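Data from model-v2.pdb: PDB, C-alpha atoms
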ATOM      1  CA  MET A 496       8.836 -20.456 -17.990  1.00  0.00           C
ATOM      2  CA  ILE A 497       8.058 -17.335 -16.064  1.00  0.00           C
ATOM      3  CA  ASP A 498       9.588 -14.124 -17.361  1.00  0.00           C
ATOM      4  CA  ILE A 499      10.128 -12.084 -14.209  1.00  0.00           C
ATOM      5  CA  SER A 500      11.319  -9.097 -16.247  1.00  0.00           C
ATOM      6  CA  GLN A 501       7.657  -8.445 -17.143  1.00  0.00           C
ATOM      7  CA  LEU A 502       6.864  -7.730 -13.487  1.00  0.00           C
ATOM      8  CA  LYS A 503       6.863  -4.273 -11.955  1.00  0.00           C
ATOM      9  CA  PHE A 504       7.847  -4.488  -8.309  1.00  0.00           C
ATOM     10  CA  ASP A 505       7.088  -1.334  -6.293  1.00  0.00           C
ATOM     11  CA  GLN A 506       9.613   0.962  -4.576  1.00  0.00           C
ATOM     12  CA  ASN A 507       9.880  -1.593  -1.739  1.00  0.00           C
ATOM     13  CA  GLY A 508      10.525  -4.448  -4.156  1.00  0.00           C
ATOM     14  CA  LEU A 509       7.062  -5.902  -3.645  1.00  0.00           C
ATOM     15  CA  ILE A 510       4.137  -6.872  -5.868  1.00  0.00           C
ATOM     16  CA  PRO A 511       0.589  -7.501  -4.589  1.00  0.00           C
ATOM     17  CA  VAL A 512      -0.857 -10.972  -5.163  1.00  0.00           C
ATOM     18  CA  ILE A 513      -4.586 -11.628  -5.212  1.00  0.00           C
ATOM     19  CA  VAL A 514      -5.224 -15.208  -4.102  1.00  0.00           C
ATOM     20  CA  GLN A 515      -8.307 -17.007  -5.437  1.00  0.00           C
ATOM     21  CA  ASP A 516      -9.539 -20.497  -4.595  1.00  0.00           C
ATOM     22  CA  SER A 517      -9.480 -22.729  -7.677  1.00  0.00           C
ATOM     23  CA  SER A 518     -12.510 -24.761  -6.661  1.00  0.00           C
ATOM     24  CA  THR A 519     -14.872 -22.128  -5.235  1.00  0.00           C
ATOM     25  CA  GLY A 520     -13.771 -18.963  -7.059  1.00  0.00           C
ATOM     26  CA  LYS A 521     -13.709 -17.112  -3.738  1.00  0.00           C
ATOM     27  CA  VAL A 522     -11.087 -14.441  -3.243  1.00  0.00           C
ATOM     28  CA  LEU A 523      -9.127 -15.638  -0.210  1.00  0.00           C
ATOM     29  CA  MET A 524      -6.622 -12.899   0.583  1.00  0.00           C
ATOM     30  CA  LEU A 525      -4.286 -10.234  -0.710  1.00  0.00           C
ATOM     31  CA  ALA A 526      -0.611 -10.715   0.077  1.00  0.00           C
ATOM     32  CA  TYR A 527       2.721  -9.395  -1.202  1.00  0.00           C
ATOM     33  CA  MET A 528       5.722 -11.062  -2.801  1.00  0.00           C
ATOM     34  CA  ASN A 529       9.259  -9.912  -3.347  1.00  0.00           C
ATOM     35  CA  ARG A 530      11.320 -11.486  -6.098  1.00  0.00           C
ATOM     36  CA  GLU A 531      12.608 -14.263  -3.813  1.00  0.00           C
ATOM     37  CA  ALA A 532       9.113 -15.182  -2.572  1.00  0.00           C
ATOM     38  CA  LEU A 533       7.964 -15.421  -6.175  1.00  0.00           C
ATOM     39  CA  GLU A 534      10.916 -17.621  -7.104  1.00  0.00           C
ATOM     40  CA  LEU A 535      10.284 -19.893  -4.102  1.00  0.00           C
ATOM     41  CA  THR A 536       6.608 -20.129  -5.100  1.00  0.00           C
ATOM     42  CA  ILE A 537       7.473 -21.123  -8.654  1.00  0.00           C
ATOM     43  CA  GLN A 538      10.189 -23.571  -7.568  1.00  0.00           C
ATOM     44  CA  THR A 539       8.183 -25.336  -4.865  1.00  0.00           C
ATOM     45  CA  GLY A 540       4.651 -24.992  -6.262  1.00  0.00           C
ATOM     46  CA  TYR A 541       3.461 -23.620  -2.922  1.00  0.00           C
ATOM     47  CA  MET A 542       2.659 -19.992  -2.140  1.00  0.00           C
ATOM     48  CA  HIS A 543       5.361 -17.977  -0.390  1.00  0.00           C
ATOM     49  CA  TYR A 544       4.863 -14.329   0.545  1.00  0.00           C
ATOM     50  CA  PHE A 545       6.818 -11.443   1.969  1.00  0.00           C
ATOM     51  CA  SER A 546       5.497 -10.248   5.316  1.00  0.00           C
ATOM     52  CA  ARG A 547       5.646  -6.465   5.505  1.00  0.00           C
ATOM     53  CA  SER A 548       5.140  -6.518   9.295  1.00  0.00           C
ATOM     54  CA  ARG A 549       7.720  -9.205  10.048  1.00  0.00           C
ATOM     55  CA  ASN A 550       9.965  -8.122   7.160  1.00  0.00           C
ATOM     56  CA  LYS A 551      10.628 -11.672   6.015  1.00  0.00           C
ATOM     57  CA  ILE A 552       9.516 -14.370   3.619  1.00  0.00           C
ATOM     58  CA  TRP A 553       7.002 -16.916   4.872  1.00  0.00           C
ATOM     59  CA  LYS A 554       5.475 -20.008   3.373  1.00  0.00           C
ATOM     60  CA  LYS A 555       1.697 -19.853   3.696  1.00  0.00           C
ATOM     61  CA  GLY A 556       0.612 -22.661   6.027  1.00  0.00           C
ATOM     62  CA  GLU A 557       4.111 -23.377   7.285  1.00  0.00           C
ATOM     63  CA  THR A 558       2.899 -23.548  10.908  1.00  0.00           C
ATOM     64  CA  SER A 559      -0.870 -24.034  10.460  1.00  0.00           C
ATOM     65  CA  GLY A 560      -0.648 -26.617   7.691  1.00  0.00           C
ATOM     66  CA  ASN A 561      -3.078 -24.505   5.640  1.00  0.00           C
ATOM     67  CA  VAL A 562      -0.855 -24.459   2.585  1.00  0.00           C
ATOM     68  CA  GLN A 563      -1.791 -23.103  -0.825  1.00  0.00           C
ATOM     69  CA  LYS A 564      -0.788 -25.117  -3.884  1.00  0.00           C
ATOM     70  CA  LEU A 565      -0.250 -22.939  -6.930  1.00  0.00           C
ATOM     71  CA  LYS A 566      -2.471 -23.871  -9.862  1.00  0.00           C
ATOM     72  CA  ASN A 567      -2.027 -20.879 -12.115  1.00  0.00           C
ATOM     73  CA  LEU A 568      -0.456 -17.450 -11.982  1.00  0.00           C
ATOM     74  CA  PHE A 569      -1.633 -14.426 -13.965  1.00  0.00           C
ATOM     75  CA  LEU A 570      -0.096 -10.998 -14.444  1.00  0.00           C
ATOM     76  CA  ASP A 571      -2.334  -7.985 -15.005  1.00  0.00           C
ATOM     77  CA  CYS A 572      -2.250  -5.687 -18.034  1.00  0.00           C
ATOM     78  CA  ASP A 573       0.133  -3.163 -16.516  1.00  0.00           C
ATOM     79  CA  GLY A 574       2.387  -5.749 -14.909  1.00  0.00           C
ATOM     80  CA  ASP A 575       2.090  -4.603 -11.305  1.00  0.00           C
ATOM     81  CA  THR A 576      -0.327  -7.159  -9.804  1.00  0.00           C
ATOM     82  CA  LEU A 577      -0.434 -10.963  -9.719  1.00  0.00           C
ATOM     83  CA  LEU A 578      -3.461 -13.247  -9.479  1.00  0.00           C
ATOM     84  CA  ALA A 579      -2.709 -16.697  -8.072  1.00  0.00           C
ATOM     85  CA  ILE A 580      -5.247 -19.486  -8.476  1.00  0.00           C
ATOM     86  CA  VAL A 581      -4.599 -21.904  -5.635  1.00  0.00           C
ATOM     87  CA  GLU A 582      -5.762 -25.134  -4.099  1.00  0.00           C
ATOM     88  CA  GLN A 583      -6.297 -24.160  -0.462  1.00  0.00           C
ATOM     89  CA  THR A 584      -5.758 -26.733   2.279  1.00  0.00           C
ATOM     90  CA  GLY A 585      -7.973 -25.875   5.268  1.00  0.00           C
ATOM     91  CA  VAL A 586      -8.844 -22.200   5.593  1.00  0.00           C
ATOM     92  CA  ALA A 587      -6.986 -19.190   4.249  1.00  0.00           C
ATOM     93  CA  CYS A 588      -7.529 -16.764   7.128  1.00  0.00           C
ATOM     94  CA  HIS A 589      -5.633 -16.821  10.443  1.00  0.00           C
ATOM     95  CA  THR A 590      -8.984 -16.044  12.138  1.00  0.00           C
ATOM     96  CA  GLY A 591     -10.285 -19.474  11.116  1.00  0.00           C
ATOM     97  CA  ASN A 592     -12.521 -18.035   8.398  1.00  0.00           C
ATOM     98  CA  GLU A 593     -12.456 -19.573   4.932  1.00  0.00           C
ATOM     99  CA  THR A 594     -11.438 -16.235   3.421  1.00  0.00           C
ATOM    100  CA  CYS A 595      -9.955 -13.055   4.882  1.00  0.00           C
ATOM    101  CA  PHE A 596     -12.887 -11.117   3.368  1.00  0.00           C
ATOM    102  CA  PHE A 597     -15.622 -12.046   5.831  1.00  0.00           C
ATOM    103  CA  THR A 598     -16.604  -8.524   6.921  1.00  0.00           C
ATOM    104  CA  THR A 599     -19.228  -6.766   4.807  1.00  0.00           C
ATOM    105  CA  LEU A 600     -18.967  -3.001   4.683  1.00  0.00           C
ATOM    106  CA  GLU A 601     -21.775  -2.241   2.305  1.00  0.00           C
ATOM    107  CA  GLY A 602     -24.226  -4.432   0.535  1.00  0.00           C
ATOM    108  CA  ASN A 603     -27.706  -4.696  -0.795  1.00  0.00           C
ATOM    109  CA  GLY A 604     -28.319  -8.395  -0.388  1.00  0.00           C
ATOM    110  CA  GLU A 605     -26.044  -9.394  -3.246  1.00  0.00           C
ATOM    111  CA  LYS A 606     -23.789 -11.261  -0.829  1.00  0.00           C
ATOM    112  CA  ILE A 607     -26.483 -13.893  -0.683  1.00  0.00           C
ATOM    113  CA  ALA A 608     -26.727 -14.140  -4.456  1.00  0.00           C
ATOM    114  CA  THR A 609     -22.953 -14.422  -4.698  1.00  0.00           C
ATOM    115  CA  ASP A 610     -22.893 -17.067  -2.013  1.00  0.00           C
ATOM    116  CA  ILE A 611     -25.495 -19.063  -3.916  1.00  0.00           C
ATOM    117  CA  ILE A 612     -23.331 -18.971  -7.029  1.00  0.00           C
ATOM    118  CA  PHE A 613     -20.221 -19.976  -5.080  1.00  0.00           C
ATOM    119  CA  SER A 614     -22.196 -22.733  -3.410  1.00  0.00           C
ATOM    120  CA  LEU A 615     -23.297 -24.018  -6.810  1.00  0.00           C
ATOM    121  CA  MET A 616     -19.687 -23.915  -7.960  1.00  0.00           C
ATOM    122  CA  GLU A 617     -18.692 -26.009  -4.972  1.00  0.00           C
ATOM    123  CA  THR A 618     -21.397 -28.521  -5.804  1.00  0.00           C
ATOM    124  CA  ILE A 619     -20.252 -28.680  -9.416  1.00  0.00           C
ATOM    125  CA  ASN A 620     -16.682 -29.102  -8.289  1.00  0.00           C
ATOM    126  CA  ASP A 621     -17.563 -31.832  -5.796  1.00  0.00           C
ATOM    127  CA  ARG A 622     -19.377 -33.769  -8.514  1.00  0.00           C
ATOM    128  CA  LYS A 623     -16.356 -33.512 -10.786  1.00  0.00           C
ATOM    129  CA  GLN A 624     -14.154 -35.249  -8.227  1.00  0.00           C
TER     130      GLN A 624
ATOM    131  CA  MET B 434     -23.625   2.104   7.144  1.00  0.00           C
ATOM    132  CA  ILE B 435     -19.979   1.871   6.356  1.00  0.00           C
ATOM    133  CA  ASP B 436     -17.588   2.528   9.215  1.00  0.00           C
ATOM    134  CA  ILE B 437     -14.577   4.027   7.496  1.00  0.00           C
ATOM    135  CA  SER B 438     -12.659   4.121  10.789  1.00  0.00           C
ATOM    136  CA  GLN B 439     -12.136   0.355  10.405  1.00  0.00           C
ATOM    137  CA  LEU B 440     -10.059   0.925   7.258  1.00  0.00           C
ATOM    138  CA  LYS B 441      -6.296   1.210   7.258  1.00  0.00           C
ATOM    139  CA  PHE B 442      -5.195   3.500   4.443  1.00  0.00           C
ATOM    140  CA  ASP B 443      -1.467   3.284   3.611  1.00  0.00           C
ATOM    141  CA  GLN B 444       1.120   6.051   3.969  1.00  0.00           C
ATOM    142  CA  ASN B 445      -0.170   7.573   0.717  1.00  0.00           C
ATOM    143  CA  GLY B 446      -3.773   7.515   1.954  1.00  0.00           C
ATOM    144  CA  LEU B 447      -4.683   4.626  -0.337  1.00  0.00           C
ATOM    145  CA  ILE B 448      -6.230   1.177   0.099  1.00  0.00           C
ATOM    146  CA  PRO B 449      -6.095  -1.584  -2.553  1.00  0.00           C
ATOM    147  CA  VAL B 450      -9.421  -2.830  -3.909  1.00  0.00           C
ATOM    148  CA  ILE B 451      -9.799  -6.252  -5.505  1.00  0.00           C
ATOM    149  CA  VAL B 452     -12.655  -6.125  -8.020  1.00  0.00           C
ATOM    150  CA  GLN B 453     -14.605  -9.327  -8.708  1.00  0.00           C
ATOM    151  CA  ASP B 454     -17.434  -9.861 -11.183  1.00  0.00           C
ATOM    152  CA  SER B 455     -20.661 -10.754  -9.373  1.00  0.00           C
ATOM    153  CA  SER B 456     -21.950 -13.002 -12.140  1.00  0.00           C
ATOM    154  CA  THR B 457     -18.831 -14.886 -13.244  1.00  0.00           C
ATOM    155  CA  GLY B 458     -16.659 -14.815 -10.111  1.00  0.00           C
ATOM    156  CA  LYS B 459     -13.712 -13.675 -12.217  1.00  0.00           C
ATOM    157  CA  VAL B 460     -11.227 -11.294 -10.663  1.00  0.00           C
ATOM    158  CA  LEU B 461     -11.335  -8.262 -12.947  1.00  0.00           C
ATOM    159  CA  MET B 462      -8.664  -5.875 -11.652  1.00  0.00           C
ATOM    160  CA  LEU B 463      -6.839  -4.416  -8.687  1.00  0.00           C
ATOM    161  CA  ALA B 464      -7.235  -0.682  -8.157  1.00  0.00           C
ATOM    162  CA  TYR B 465      -6.720   1.804  -5.334  1.00  0.00           C
ATOM    163  CA  MET B 466      -9.057   4.131  -3.471  1.00  0.00           C
ATOM    164  CA  ASN B 467      -8.433   7.093  -1.257  1.00  0.00           C
ATOM    165  CA  ARG B 468     -11.073   8.129   1.272  1.00  0.00           C
ATOM    166  CA  GLU B 469     -12.860  10.389  -1.211  1.00  0.00           C
ATOM    167  CA  ALA B 470     -13.010   7.702  -3.924  1.00  0.00           C
ATOM    168  CA  LEU B 471     -14.510   5.315  -1.385  1.00  0.00           C
ATOM    169  CA  GLU B 472     -17.086   7.885  -0.309  1.00  0.00           C
ATOM    170  CA  LEU B 473     -18.017   8.610  -3.940  1.00  0.00           C
ATOM    171  CA  THR B 474     -18.364   4.864  -4.565  1.00  0.00           C
ATOM    172  CA  ILE B 475     -20.674   4.433  -1.579  1.00  0.00           C
ATOM    173  CA  GLN B 476     -22.701   7.546  -2.402  1.00  0.00           C
ATOM    174  CA  THR B 477     -23.188   6.840  -6.110  1.00  0.00           C
ATOM    175  CA  GLY B 478     -23.161   3.025  -6.117  1.00  0.00           C
ATOM    176  CA  TYR B 479     -20.564   3.046  -8.899  1.00  0.00           C
ATOM    177  CA  MET B 480     -16.862   2.289  -8.506  1.00  0.00           C
ATOM    178  CA  HIS B 481     -14.527   5.280  -8.226  1.00  0.00           C
ATOM    179  CA  TYR B 482     -10.778   4.856  -7.840  1.00  0.00           C
ATOM    180  CA  PHE B 483      -7.687   6.955  -7.262  1.00  0.00           C
ATOM    181  CA  SER B 484      -5.235   6.871 -10.154  1.00  0.00           C
ATOM    182  CA  ARG B 485      -1.675   6.755  -8.843  1.00  0.00           C
ATOM    183  CA  SER B 486      -0.273   7.688 -12.277  1.00  0.00           C
ATOM    184  CA  ARG B 487      -2.664  10.584 -12.959  1.00  0.00           C
ATOM    185  CA  ASN B 488      -2.881  11.504  -9.257  1.00  0.00           C
ATOM    186  CA  LYS B 489      -6.638  11.995  -9.344  1.00  0.00           C
ATOM    187  CA  ILE B 490      -9.960  10.301  -8.730  1.00  0.00           C
ATOM    188  CA  TRP B 491     -11.671   8.655 -11.679  1.00  0.00           C
ATOM    189  CA  LYS B 492     -14.991   6.948 -12.135  1.00  0.00           C
ATOM    190  CA  LYS B 493     -14.477   3.562 -13.779  1.00  0.00           C
ATOM    191  CA  GLY B 494     -16.125   3.647 -17.211  1.00  0.00           C
ATOM    192  CA  GLU B 495     -16.543   7.428 -17.237  1.00  0.00           C
ATOM    193  CA  THR B 496     -15.269   7.672 -20.817  1.00  0.00           C
ATOM    194  CA  SER B 497     -15.627   4.046 -22.037  1.00  0.00           C
ATOM    195  CA  GLY B 498     -19.064   3.437 -20.569  1.00  0.00           C
ATOM    196  CA  ASN B 499     -17.722   0.264 -18.948  1.00  0.00           C
ATOM    197  CA  VAL B 500     -18.978   1.180 -15.495  1.00  0.00           C
ATOM    198  CA  GLN B 501     -18.938  -1.073 -12.446  1.00  0.00           C
ATOM    199  CA  LYS B 502     -22.023  -1.110 -10.225  1.00  0.00           C
ATOM    200  CA  LEU B 503     -21.184  -1.931  -6.622  1.00  0.00           C
ATOM    201  CA  LYS B 504     -23.007  -4.990  -5.321  1.00  0.00           C
ATOM    202  CA  ASN B 505     -21.106  -5.666  -2.125  1.00  0.00           C
ATOM    203  CA  LEU B 506     -17.997  -4.461  -0.373  1.00  0.00           C
ATOM    204  CA  PHE B 507     -15.867  -6.536   1.990  1.00  0.00           C
ATOM    205  CA  LEU B 508     -12.981  -5.582   4.256  1.00  0.00           C
ATOM    206  CA  ASP B 509     -10.248  -8.099   5.008  1.00  0.00           C
ATOM    207  CA  CYS B 510      -9.272  -9.359   8.462  1.00  0.00           C
ATOM    208  CA  ASP B 511      -6.532  -6.798   9.013  1.00  0.00           C
ATOM    209  CA  GLY B 512      -8.470  -3.890   7.527  1.00  0.00           C
ATOM    210  CA  ASP B 513      -6.025  -2.940   4.789  1.00  0.00           C
ATOM    211  CA  THR B 514      -7.667  -4.399   1.656  1.00  0.00           C
ATOM    212  CA  LEU B 515     -11.146  -4.144   0.129  1.00  0.00           C
ATOM    213  CA  LEU B 516     -12.966  -6.658  -2.057  1.00  0.00           C
ATOM    214  CA  ALA B 517     -15.680  -5.157  -4.254  1.00  0.00           C
ATOM    215  CA  ILE B 518     -18.244  -7.415  -5.905  1.00  0.00           C
ATOM    216  CA  VAL B 519     -19.456  -5.567  -8.981  1.00  0.00           C
ATOM    217  CA  GLU B 520     -21.804  -5.790 -11.921  1.00  0.00           C
ATOM    218  CA  GLN B 521     -19.503  -5.016 -14.849  1.00  0.00           C
ATOM    219  CA  THR B 522     -20.865  -3.280 -17.937  1.00  0.00           C
ATOM    220  CA  GLY B 523     -18.810  -4.307 -20.983  1.00  0.00           C
ATOM    221  CA  VAL B 524     -15.236  -5.288 -20.215  1.00  0.00           C
ATOM    222  CA  ALA B 525     -13.079  -4.318 -17.253  1.00  0.00           C
ATOM    223  CA  CYS B 526      -9.718  -3.942 -18.981  1.00  0.00           C
ATOM    224  CA  HIS B 527      -8.672  -0.971 -21.116  1.00  0.00           C
ATOM    225  CA  THR B 528      -7.082  -3.491 -23.536  1.00  0.00           C
ATOM    226  CA  GLY B 529     -10.547  -4.794 -24.412  1.00  0.00           C
ATOM    227  CA  ASN B 530     -10.084  -7.989 -22.421  1.00  0.00           C
ATOM    228  CA  GLU B 531     -12.802  -9.090 -20.041  1.00  0.00           C
ATOM    229  CA  THR B 532     -10.364  -8.997 -17.109  1.00  0.00           C
ATOM    230  CA  CYS B 533      -6.973  -7.345 -16.625  1.00  0.00           C
ATOM    231  CA  PHE B 534      -5.553 -10.778 -15.725  1.00  0.00           C
ATOM    232  CA  PHE B 535      -5.300 -12.324 -19.196  1.00  0.00           C
ATOM    233  CA  THR B 536      -1.569 -13.116 -19.162  1.00  0.00           C
ATOM    234  CA  THR B 537      -0.559 -16.469 -17.698  1.00  0.00           C
ATOM    235  CA  LEU B 538       2.855 -16.584 -16.088  1.00  0.00           C
ATOM    236  CA  GLU B 539       2.845 -20.127 -14.835  1.00  0.00           C
ATOM    237  CA  GLY B 540       0.326 -22.863 -15.056  1.00  0.00           C
ATOM    238  CA  ASN B 541      -0.203 -26.558 -15.303  1.00  0.00           C
ATOM    239  CA  GLY B 542      -3.426 -26.650 -17.258  1.00  0.00           C
ATOM    240  CA  GLU B 543      -5.586 -25.564 -14.344  1.00  0.00           C
ATOM    241  CA  LYS B 544      -6.562 -22.436 -16.227  1.00  0.00           C
ATOM    242  CA  ILE B 545      -8.770 -24.664 -18.323  1.00  0.00           C
ATOM    243  CA  ALA B 546     -10.398 -26.245 -15.282  1.00  0.00           C
ATOM    244  CA  THR B 547     -10.980 -22.825 -13.755  1.00  0.00           C
ATOM    245  CA  ASP B 548     -12.417 -21.539 -17.016  1.00  0.00           C
ATOM    246  CA  ILE B 549     -14.806 -24.474 -17.114  1.00  0.00           C
ATOM    247  CA  ILE B 550     -16.038 -23.628 -13.631  1.00  0.00           C
ATOM    248  CA  PHE B 551     -16.426 -19.963 -14.507  1.00  0.00           C
ATOM    249  CA  SER B 552     -18.230 -20.924 -17.678  1.00  0.00           C
ATOM    250  CA  LEU B 553     -20.619 -23.087 -15.674  1.00  0.00           C
ATOM    251  CA  MET B 554     -21.180 -20.163 -13.316  1.00  0.00           C
ATOM    252  CA  GLU B 555     -22.059 -17.969 -16.256  1.00  0.00           C
ATOM    253  CA  THR B 556     -24.548 -20.564 -17.484  1.00  0.00           C
ATOM    254  CA  ILE B 557     -26.096 -20.832 -14.039  1.00  0.00           C
ATOM    255  CA  ASN B 558     -26.295 -17.081 -13.815  1.00  0.00           C
ATOM    256  CA  ASP B 559     -27.852 -16.737 -17.267  1.00  0.00           C
ATOM    257  CA  ARG B 560     -30.520 -19.255 -16.337  1.00  0.00           C
ATOM    258  CA  LYS B 561     -31.306 -17.317 -13.157  1.00  0.00           C
ATOM    259  CA  GLN B 562     -32.064 -14.175 -15.157  1.00  0.00           C
TER     260      GLN B 562
END
Encoded form using structure tokens:
Amino acid sequence: MIDISQLKFDQNGLIPVIVQDSSTGKVLMLAYMNREALELTIQTGYMHYFSRSRNKIWKKGETSGNVQKLKNLFLDCDGDTLLAIVEQTGVACHTGNETCFFTTLEGNGEKIATDIIFSLMETINDRKQ
Amino acid sequence: MIDISQLKFDQNGLIPVIVQDSSTGKVLMLAYMNREALELTIQTGYMHYFSRSRNKIWKKGETSGNVQKLKNLFLDCDGDTLLAIVEQTGVACHTGNETCFFTTLEGNGEKIATDIIFSLMETINDRKQ
């Protein structure tokens, strides 16, 4: 069972959640949870977040169908960040991109190398199924 | 060249940075940068962060030697989060763990599946070298 007392919510009652795809290893997005969003996530098995702009809880994929099934949840060493490993239905980003991190700011060609590794992971994962 | 004007720093002048290992795909940590830490990172090629507890810029690995070489830097779709792909020397976490996310809060055995994939990635990566 989850021990929520280990978590350090910030002054707004929120904790950042890094969301990573369980099959590709790609980082999909960063979102925020309040205590209720976390409880809903644990209870339902599907990711719920707190929208800072709309000031309310939302279930990821509620309208788009692009839900995220929780596979595993990690807490970092100082208790103020979560890492959720999820099974993503469809794409994670509202722009239609697979991940919200599709804009490169600085790189030296390593994006390609990383993409090759992720692509290999996808192949491995496909073969496992 | 990086266009810093695209970035949305928060009310404290900070932006969260998800740090991912380029060879294993593991999420290593979440840290924060102010504008100066980002500029130092770009200029030197090594990750610099802003410590919210010590209220100052630090170079990751400055004392431990566990530096992080920047391989690629992504901005998310709404411009308020960075994803840094890094080459990690040694371990990322001050506890001696490979990643800061070593505590499982909730899981259904998928950690093992994910670890298998990451392990395969490491093998693939080793063979590439």
Subject >> Contacts of Thr532 of chain B at 10 Å (all atoms listed in the file; same-chain gap of 2+ positions) as a list of chain:residue names >> reply: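 Everything that qualifies: A:Asp571, A:Cys572, B:Val452, B:Gln453, B:Asp454, B:Lys459, B:Val460, B:Leu461, B:Met462, B:Val524, B:Ala525, B:Cys526, B:His527, B:Thr528, B:Gly529, B:Asn530, B:Phe534, B:Phe535, B:Thr536.
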Original post:
Can you list, as number ranges by chain, every protein, DNA or RNA residue that comes within 6 Å of Leu440 of chain B when you count only C-alpha atoms, leaving out same-chain residues fewer than 2 positions away?
Top reply: B: 437-438, 512
Restricting the output to C-alpha atoms, write the selected residues as a CSV table (one decimal), in the coordinates of the input.
chain,number,residue,atom,x,y,z
B,437,ILE,CA,-14.6,4.0,7.5
B,438,SER,CA,-12.7,4.1,10.8
B,512,GLY,CA,-8.5,-3.9,7.5
**OP:** Tell me which residues the PyMOL selection byres ((chain A and resi 575) around 8) grabs here, as a list of chain:residue names.
**Re:**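 With the shown file as input, the PyMOL selection byres ((chain A and resi 575) around 8) matches A:Leu502, A:Lys503, A:Phe504, A:Asp505, A:Ile510, A:Pro511, A:Leu570, A:Asp571, A:Asp573, A:Gly574, A:Thr576, A:Leu577.
One finds atom CA of Leu565 of chain A at 19.7 Å from atom CA of Leu463 of chain B.
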Just so the selection is clear, what residues does the PyMOL selection byres ((chain B and resi 518) around 9) cover here, as a short mmCIF file (atom, residue, chain, number, x, y, z; two decimals) with C-alpha atoms, in the coordinates of the input?
data_model
loop_
_atom_site.label_atom_id
_atom_site.label_comp_id
_atom_site.auth_asym_id
_atom_site.auth_seq_id
_atom_site.Cartn_x
_atom_site.Cartn_y
_atom_site.Cartn_z
CA GLU A 605 -26.04 -9.39 -3.25
CA LYS A 606 -23.79 -11.26 -0.83
CA THR A 609 -22.95 -14.42 -4.70
CA ILE B 451 -9.80 -6.25 -5.50
CA VAL B 452 -12.66 -6.12 -8.02
CA GLN B 453 -14.60 -9.33 -8.71
CA ASP B 454 -17.43 -9.86 -11.18
CA SER B 455 -20.66 -10.75 -9.37
CA GLY B 458 -16.66 -14.82 -10.11
CA LYS B 502 -22.02 -1.11 -10.22
CA LEU B 503 -21.18 -1.93 -6.62
CA LYS B 504 -23.01 -4.99 -5.32
CA ASN B 505 -21.11 -5.67 -2.12
CA LEU B 506 -18.00 -4.46 -0.37
CA PHE B 507 -15.87 -6.54 1.99
CA LEU B 516 -12.97 -6.66 -2.06
CA ALA B 517 -15.68 -5.16 -4.25
CA VAL B 519 -19.46 -5.57 -8.98
CA GLU B 520 -21.80 -5.79 -11.92
#
**OP:** Identify which of the residues A:Gln563, A:Met542, A:Gln501, A:Ile552 lies closest to chain B, counting all atoms listed in the file when measuring atom-to-atom distances.
**Re:** A:Gln501
Original post:
Contacts of Leu471 of chain B at 8 Å or less, counting all atoms listed in the file, minus same-chain residues fewer than 4 places along, as a PyMOL selection string?
Top reply: chain B and resi 466-467+475+481-482
**OP:** Can you work out the spacing between atom CA of Ser486 of chain B and atom CA of Phe545 of chain A in Å, to one decimal?
**Re:**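 We find that atom CA of Ser486 of chain B and atom CA of Phe545 of chain A lie 24.9 Å from each other.
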Original post:
Which residues come within 7 Å of Val500 of chain B, counting all atoms listed in the file, excluding same-chain residues fewer than 6 positions away, as a list in words?
Top reply: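 In the requested form, the answer reads Lys493, Gly494, Gln521 and Thr522 of chain B.
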**OP:** Quick one: pull the distance between atom CA of Tyr541 of chain A and atom CA of Trp553 of chain A, Å, one decimal.
**Re:** 10.9 Å
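Considering the residues A:Cys595, A:Val512, A:Leu600, A:Ala532 and counting all atoms listed in the file, Lys551 of chain A has its shortest atom-to-atom contact with A:Ala532.
Ranking A:Gly508, A:Glu593, A:Asn561, A:Gly585 by their shortest atom-to-atom distance to Glu531 of chain A, with all atoms listed in the file included, puts A:Gly508 first.
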**OP:** Rank A:Glu557, A:Gly540, A:Leu509, A:Leu535 by their smallest atom-to-atom distance to chain B, using only C-alpha atoms, and report the top residue only.
**Re:** A:Gly540
**OP:** Rank B:Thr457, B:Ser484, B:Thr477, B:Thr537 by their smallest atom-to-atom distance to chain A, using all atoms listed in the file, and report the top residue only.
**Re:**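 Of all the options, B:Thr537 lies closest to chain A.
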